[in-house]
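One file, query09.txt, is given below (compact mmCIF, C-alpha atoms).
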# COMPACT_ATOMS: atom_id res chain seq x y z
CA ALA A 2 8.64 -14.85 2.92
CA GLN A 3 6.33 -12.34 4.47
CA LYS A 4 2.58 -12.85 4.49
CA VAL A 5 -0.39 -10.92 5.81
CA THR A 6 -3.75 -12.57 6.46
CA GLN A 7 -7.00 -10.73 6.93
CA ALA A 8 -9.52 -13.49 7.46
CA GLN A 9 -12.56 -11.21 7.45
CA THR A 10 -13.56 -10.46 3.88
CA GLU A 11 -16.57 -8.29 4.67
CA ILE A 12 -18.06 -6.93 7.86
CA SER A 13 -21.32 -5.04 8.30
CA VAL A 14 -22.11 -3.13 11.46
CA VAL A 15 -24.77 -0.68 12.48
CA GLU A 16 -23.65 2.87 13.11
CA LYS A 17 -22.25 3.47 16.62
CA GLU A 18 -21.26 -0.15 17.07
CA ASP A 19 -17.64 -1.05 17.75
CA VAL A 20 -15.86 -3.21 15.21
CA THR A 21 -12.50 -4.99 15.22
CA LEU A 22 -10.60 -5.87 12.06
CA ASP A 23 -8.20 -8.77 12.42
CA CYS A 24 -4.73 -9.02 10.96
CA VAL A 25 -2.24 -11.86 11.33
CA TYR A 26 1.19 -11.70 9.78
CA GLU A 27 4.15 -13.97 9.09
CA THR A 28 7.75 -12.90 8.83
CA ARG A 29 11.17 -14.34 9.51
CA ASP A 30 12.62 -10.95 10.35
CA THR A 31 12.90 -9.62 13.87
CA THR A 32 12.70 -6.05 12.59
CA TYR A 33 9.70 -5.03 10.58
CA TYR A 34 6.91 -2.49 10.28
CA LEU A 35 3.18 -3.05 10.31
CA PHE A 36 0.67 -0.69 8.74
CA TRP A 37 -3.03 -0.15 8.34
CA TYR A 38 -4.37 1.63 5.27
CA LYS A 39 -7.91 2.72 4.48
CA GLN A 40 -9.23 2.65 0.93
CA PRO A 41 -12.51 4.55 0.63
CA PRO A 42 -14.76 4.14 -2.42
CA SER A 43 -12.84 6.93 -4.15
CA GLY A 44 -9.90 4.51 -4.40
CA GLU A 45 -6.95 6.25 -2.80
CA LEU A 46 -4.92 4.54 -0.08
CA VAL A 47 -4.98 6.50 3.16
CA PHE A 48 -2.30 5.82 5.75
CA LEU A 49 -3.68 5.19 9.24
CA ILE A 50 -0.86 3.86 11.39
CA ARG A 51 2.65 2.44 11.35
CA ARG A 52 4.00 0.22 14.12
CA ASN A 53 7.61 -0.80 14.66
CA SER A 54 8.14 -4.45 15.62
CA PHE A 55 9.97 -3.38 18.76
CA ASP A 56 7.13 -1.25 20.00
CA GLU A 57 4.27 -3.34 21.33
CA GLN A 58 2.55 -0.49 23.05
CA ASN A 59 -1.05 -0.23 21.95
CA GLU A 60 -2.13 3.02 20.40
CA ILE A 61 -5.32 5.02 20.42
CA SER A 62 -6.14 7.83 18.04
CA GLY A 63 -9.62 9.20 18.48
CA ARG A 64 -12.07 6.42 17.66
CA TYR A 65 -9.28 4.23 16.30
CA SER A 66 -7.17 1.87 18.37
CA TRP A 67 -4.63 -0.79 17.52
CA ASN A 68 -3.63 -3.90 19.44
CA PHE A 69 -0.21 -5.28 18.54
CA GLN A 70 0.50 -8.74 19.96
CA LYS A 71 3.88 -9.99 18.89
CA SER A 72 3.36 -13.33 20.65
CA THR A 73 0.44 -14.14 18.35
CA SER A 74 1.72 -12.15 15.33
CA SER A 75 -1.43 -10.08 15.28
CA PHE A 76 -2.07 -6.40 14.69
CA ASN A 77 -5.79 -5.82 15.13
CA PHE A 78 -7.60 -2.57 14.46
CA THR A 79 -10.68 -1.44 16.38
CA ILE A 80 -13.05 1.34 15.43
CA THR A 81 -15.16 2.56 18.32
CA ALA A 82 -18.61 4.05 17.72
CA SER A 83 -18.42 3.44 13.99
CA GLN A 84 -19.73 6.01 11.54
CA VAL A 85 -20.96 5.75 7.97
CA VAL A 86 -17.81 7.54 6.80
CA ASP A 87 -15.79 4.60 8.12
CA SER A 88 -17.19 2.46 5.31
CA ALA A 89 -14.18 1.43 3.25
CA VAL A 90 -11.78 -1.40 2.59
CA TYR A 91 -9.08 -1.64 5.22
CA PHE A 92 -5.71 -3.17 4.42
CA CYS A 93 -3.17 -4.46 6.89
CA ALA A 94 0.38 -4.48 5.57
CA LEU A 95 3.91 -5.57 6.49
CA SER A 96 7.30 -4.22 5.50
CA GLU A 97 10.56 -6.04 6.24
CA ARG A 98 14.08 -4.68 6.29
CA GLY A 99 15.77 -5.42 2.97
CA LYS A 100 19.28 -6.60 2.23
CA GLY A 101 20.50 -3.05 1.78
CA GLY A 102 19.20 -2.06 5.17
CA GLY A 103 16.27 -0.04 3.98
CA TYR A 104 12.73 -1.26 4.26
CA GLN A 105 11.66 -2.82 1.04
CA LYS A 106 8.29 -3.50 -0.50
CA VAL A 107 5.13 -3.55 1.51
CA THR A 108 3.05 -6.72 1.44
CA PHE A 109 -0.66 -6.15 1.79
CA GLY A 110 -3.34 -8.40 3.19
CA THR A 111 -6.38 -9.05 1.03
CA GLY A 112 -8.36 -6.36 2.81
CA THR A 113 -11.53 -6.26 4.88
CA LYS A 114 -14.50 -4.42 3.47
CA LEU A 115 -16.32 -2.61 6.23
CA GLN A 116 -19.85 -1.40 5.70
CA VAL A 117 -21.38 0.81 8.36
CA ILE A 118 -25.14 0.93 8.10
CA PRO A 119 -26.93 4.07 9.25
CA ALA B 200 2.49 19.52 2.09
CA ALA B 201 3.38 18.04 -1.26
CA GLY B 202 2.17 14.53 -1.94
CA VAL B 203 2.95 11.83 -4.46
CA ILE B 204 1.63 12.89 -7.85
CA GLN B 205 0.52 10.37 -10.44
CA SER B 206 -0.54 11.06 -13.97
CA PRO B 207 -2.78 10.52 -15.69
CA ARG B 208 -5.59 9.93 -13.23
CA HIS B 209 -7.52 7.84 -15.74
CA LEU B 210 -6.33 6.14 -18.91
CA ILE B 211 -8.27 4.18 -21.49
CA LYS B 212 -6.41 2.02 -23.98
CA GLU B 213 -7.19 -0.76 -26.37
CA LYS B 214 -5.66 -4.22 -26.46
CA ARG B 215 -2.10 -4.36 -27.79
CA GLU B 216 -1.57 -0.64 -27.27
CA THR B 217 1.09 0.83 -25.02
CA ALA B 218 0.70 3.02 -21.95
CA THR B 219 3.03 5.11 -19.85
CA LEU B 220 2.21 5.98 -16.27
CA LYS B 221 4.11 8.68 -14.44
CA CYS B 222 4.91 9.14 -10.80
CA TYR B 223 6.39 12.19 -9.08
CA PRO B 224 7.49 11.34 -5.54
CA ILE B 225 7.45 13.68 -2.61
CA PRO B 226 10.45 16.05 -2.77
CA ARG B 227 13.58 14.51 -1.19
CA HIS B 228 12.14 11.01 -1.36
CA ASP B 229 14.63 8.67 -3.02
CA THR B 230 12.64 5.44 -3.24
CA VAL B 231 9.68 4.74 -5.49
CA TYR B 232 7.38 1.72 -5.54
CA TRP B 233 4.80 0.61 -8.08
CA TYR B 234 1.74 -1.43 -7.14
CA GLN B 235 -1.06 -2.92 -9.20
CA GLN B 236 -4.52 -3.37 -7.71
CA GLY B 237 -7.02 -5.36 -9.74
CA PRO B 238 -10.77 -4.98 -9.13
CA GLY B 239 -11.58 -6.24 -5.65
CA GLN B 240 -7.98 -7.29 -5.07
CA ASP B 241 -5.24 -6.17 -2.72
CA PRO B 242 -2.38 -4.09 -4.08
CA GLN B 243 0.37 -6.24 -5.55
CA PHE B 244 3.95 -5.06 -5.60
CA LEU B 245 5.43 -4.67 -9.08
CA ILE B 246 8.83 -3.02 -8.78
CA SER B 247 10.81 -0.49 -6.77
CA PHE B 248 13.70 1.91 -7.32
CA TYR B 249 16.19 3.47 -4.97
CA GLU B 250 18.44 6.26 -6.17
CA LYS B 251 17.53 5.52 -9.78
CA MET B 252 18.46 1.87 -9.55
CA GLN B 253 16.02 -1.02 -9.42
CA SER B 254 15.98 -2.25 -5.85
CA ASP B 255 13.34 -4.96 -5.81
CA LYS B 256 11.10 -6.74 -8.26
CA GLY B 257 7.74 -8.33 -7.73
CA SER B 258 5.12 -9.76 -10.03
CA ILE B 259 5.80 -7.43 -12.92
CA PRO B 260 5.10 -8.90 -16.38
CA ASP B 261 7.90 -8.88 -18.94
CA ARG B 262 5.70 -6.58 -21.06
CA PHE B 263 6.14 -3.90 -18.42
CA SER B 264 9.25 -1.89 -17.74
CA ALA B 265 9.99 0.97 -15.42
CA GLN B 266 12.72 3.39 -14.57
CA GLN B 267 13.53 6.19 -12.20
CA PHE B 268 14.99 9.36 -13.62
CA SER B 269 17.58 11.80 -12.34
CA ASP B 270 14.85 14.00 -10.84
CA TYR B 271 13.53 10.88 -9.03
CA HIS B 272 10.28 10.71 -10.93
CA SER B 273 9.43 7.28 -12.26
CA GLU B 274 7.62 5.94 -15.30
CA LEU B 275 5.93 2.59 -15.77
CA ASN B 276 5.81 1.57 -19.40
CA MET B 277 3.29 -1.06 -20.39
CA SER B 278 3.28 -2.62 -23.83
CA SER B 279 1.02 -5.10 -25.64
CA LEU B 280 -1.73 -4.30 -23.21
CA GLU B 281 -4.14 -7.06 -22.28
CA LEU B 282 -7.62 -6.91 -20.82
CA GLY B 283 -6.23 -8.25 -17.55
CA ASP B 284 -4.00 -5.22 -17.19
CA SER B 285 -7.05 -3.15 -16.32
CA ALA B 286 -6.36 -2.08 -12.77
CA LEU B 287 -5.55 0.76 -10.44
CA TYR B 288 -1.82 1.45 -10.45
CA PHE B 289 -0.37 3.06 -7.38
CA CYS B 290 2.95 4.73 -6.98
CA ALA B 291 4.42 5.25 -3.51
CA SER B 292 7.54 6.95 -2.24
CA ARG B 293 9.63 7.14 0.89
CA LYS B 294 12.92 8.58 2.06
CA ARG B 295 15.25 5.72 2.95
CA GLY B 296 17.08 6.05 6.22
CA GLU B 297 14.73 8.41 7.95
CA THR B 298 13.11 7.30 11.14
CA ASP B 299 9.70 7.54 9.63
CA GLU B 300 9.51 4.65 7.17
CA LYS B 301 5.95 5.43 6.24
CA LEU B 302 5.08 4.77 2.63
CA PHE B 303 3.27 7.64 0.95
CA PHE B 304 0.88 6.63 -1.81
CA GLY B 305 -0.31 8.61 -4.78
CA SER B 306 -3.98 8.67 -5.74
CA GLY B 307 -3.40 6.06 -8.41
CA THR B 308 -3.92 5.79 -12.17
CA GLN B 309 -7.00 3.87 -13.22
CA LEU B 310 -6.12 1.99 -16.42
CA SER B 311 -8.91 0.51 -18.48
CA VAL B 312 -8.00 -1.76 -21.37
CA LEU B 313 -10.84 -2.30 -23.85
Would you mind writing the file out in structure tokens?
Amino acid sequence: AQKVTQAQTEISVVEKEDVTLDCVYETRDTTYYLFWYKQPPSGELVFLIRRNSFDEQNEISGRYSWNFQKSTSSFNFTITASQVVDSAVYFCALSERGKGGGYQKVTFGTGTKLQVIP
Amino acid sequence: AAGVIQSPRHLIKEKRETATLKCYPIPRHDTVYWYQQGPGQDPQFLISFYEKMQSDKGSIPDRFSAQQFSDYHSELNMSSLELGDSALYFCASRKRGETDEKLFFGSGTQLSVL
């Protein structure tokens, strides 16, 4: 069965600090997708990134960067120079290929609440 | 671009009442997922449909049922509501088989059971 662990429940940082959100996953599949979603106080789930299990290249998008380490089953998310608007709950998630070939349900981690203090 | 539409945005019901939540996926998307997110919890998978057939089932109570219609919209029917059913219910959609397997979420329906 697939499982996603986000050990950090809450993190507080001062604006402009860098912060890394940890994510460790478990899966028996060799083909899977990893995601990060942001849930601001308004409640919607905002897609941030999707990573294919075959693509271990790290990615940077503006102040966001992701470090995928297949050897340690980790998919960590770093925000550089954090801003107050980054305050939200961040979910790491995993999707495995289903029996029919398509990717089935997404399993979420328990989320990390990030508070950026001005 | 069109997104996943959920209605209603907010719903207030009393115990033992019924509720119907609706989800309109992105055009051409053939797969719909329902998630339940309790206060301070992570989203939990309830059920999914592909081409109008149930494709996977999660922790959905027997009091709940769902279906996907010919126009691909989906409805989650909840009966004998309990206080613990108060949660944010997300619908998500994707197009199976495309290279982009990203799951698109709706804004959610906030259900409050009093």
Contact check, chain A to chain B, at most 8 Å, counting all atoms listed in the file, closest pairs as a Markdown table:
| residue | atom | partner | partner_atom | distance |
| --- | --- | --- | --- | --- |
| A:Gly44 | CA | B:Ser306 | CA | 7.4 |
| A:Glu45 | CA | B:Ser306 | CA | 4.8 |
| A:Leu46 | CA | B:Phe304 | CA | 6.4 |
| A:Val47 | CA | B:Phe304 | CA | 7.7 |
| A:Phe48 | CA | B:Phe303 | CA | 7.6 |
| A:Arg51 | CA | B:Lys301 | CA | 6.8 |
| A:Phe92 | CA | B:Asp241 | CA | 7.8 |
| A:Gly103 | CA | B:Arg295 | CA | 5.9 |
| A:Tyr104 | CA | B:Glu300 | CA | 7.3 |
| A:Gln105 | CA | B:Asp255 | CA | 7.4 |
| A:Lys106 | CA | B:Phe244 | CA | 6.9 |
| A:Val107 | CA | B:Phe244 | CA | 7.4 |
| A:Thr108 | CA | B:Phe244 | CA | 7.3 |
| A:Phe109 | CA | B:Asp241 | CA | 6.4 |
| A:Gly110 | CA | B:Asp241 | CA | 6.6 |
| A:Thr111 | CA | B:Asp241 | CA | 4.9 |
| A:Gly112 | CA | B:Asp241 | CA | 6.4 |
query = Skipping near chain neighbours, those fewer than 3 positions away, what residues fall within 10 Å of Ser74 (chain A) using only C-alpha atoms, listed as a ChimeraX atom specification?
reply = /A:5,24-28,69-71,77
Any idea what's packed within 7 Å of region 259-272 of chain B, counting only C-alpha atoms, ignoring anything in its chain fewer than 6 positions away? Could you give it as a list in words?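 These residues fall inside the cut-off: Cys222, Tyr223, Pro224, Asp229, Leu245, Ile246, Phe248, Lys251, Ser278 and Ser279 of chain B.
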- Between CA of Arg64 (chain A) and CA of Phe78 (chain A), what is the distance, to one decimal in Å?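 Going from CA of Arg64 (chain A) over to CA of Phe78 (chain A) covers 10.5 Å.
As for CA of Asp19 (chain A) and CA of Asp87 (chain A), they are spaced 11.3 Å apart.
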In terms of all atoms listed in the file, the residue from B:Leu280, B:Ser292, B:Ser273, B:Ile225 at minimal distance from Lys212 (chain B) is B:Leu280
**Item:** Leu282 (chain B) surroundings by only C-alpha atoms, 7 Å radius, close-in-sequence under 4 positions cut, as a VMD selection string
**Value:** chain B and resid 214 312 to 313
Requested in this report: Please provide as JSON, numbers by chain all residues within 8 Å of Gln116 (chain A), with the sequence filter that same-chain residues fewer than 4 positions apart are discarded (counting only C-alpha atoms).
Outcome: {"A": [11, 12, 13, 14, 85, 87, 88, 89]}
Atomic distance CA of Glu274 (chain B) - CA of Thr219 (chain B), expressed in Å with one decimal
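So the two atoms, CA of Glu274 (chain B) and CA of Thr219 (chain B), lie 6.5 Å apart.
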The centre and edge lengths of an axis-aligned box containing all atoms of region 283-295 of chain B present in the file, extended by 4 Å on each side, are to be given in Å to one decimal, as lines of an AutoDock Vina configuration file.
center_x = 4.1
center_y = 0.2
center_z = -7.3
size_x = 30.3
size_y = 24.8
size_z = 28.5
Excluding Arg29 (chain A) and residues on its chain fewer than 5 positions from it, collect all residues at most 10 Å away from it, counting all atoms listed in the file, and give them as a PDB file with C-alpha atoms, in the frame of the given file.
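The new file part09.pdb reads:
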ATOM      1  CA  ALA A   2       8.640 -14.850   2.920  1.00  0.00           C
ATOM      2  CA  GLN A   3       6.330 -12.340   4.470  1.00  0.00           C
ATOM      3  CA  GLU A  97      10.560  -6.040   6.240  1.00  0.00           C
TER       4      GLU A  97
END
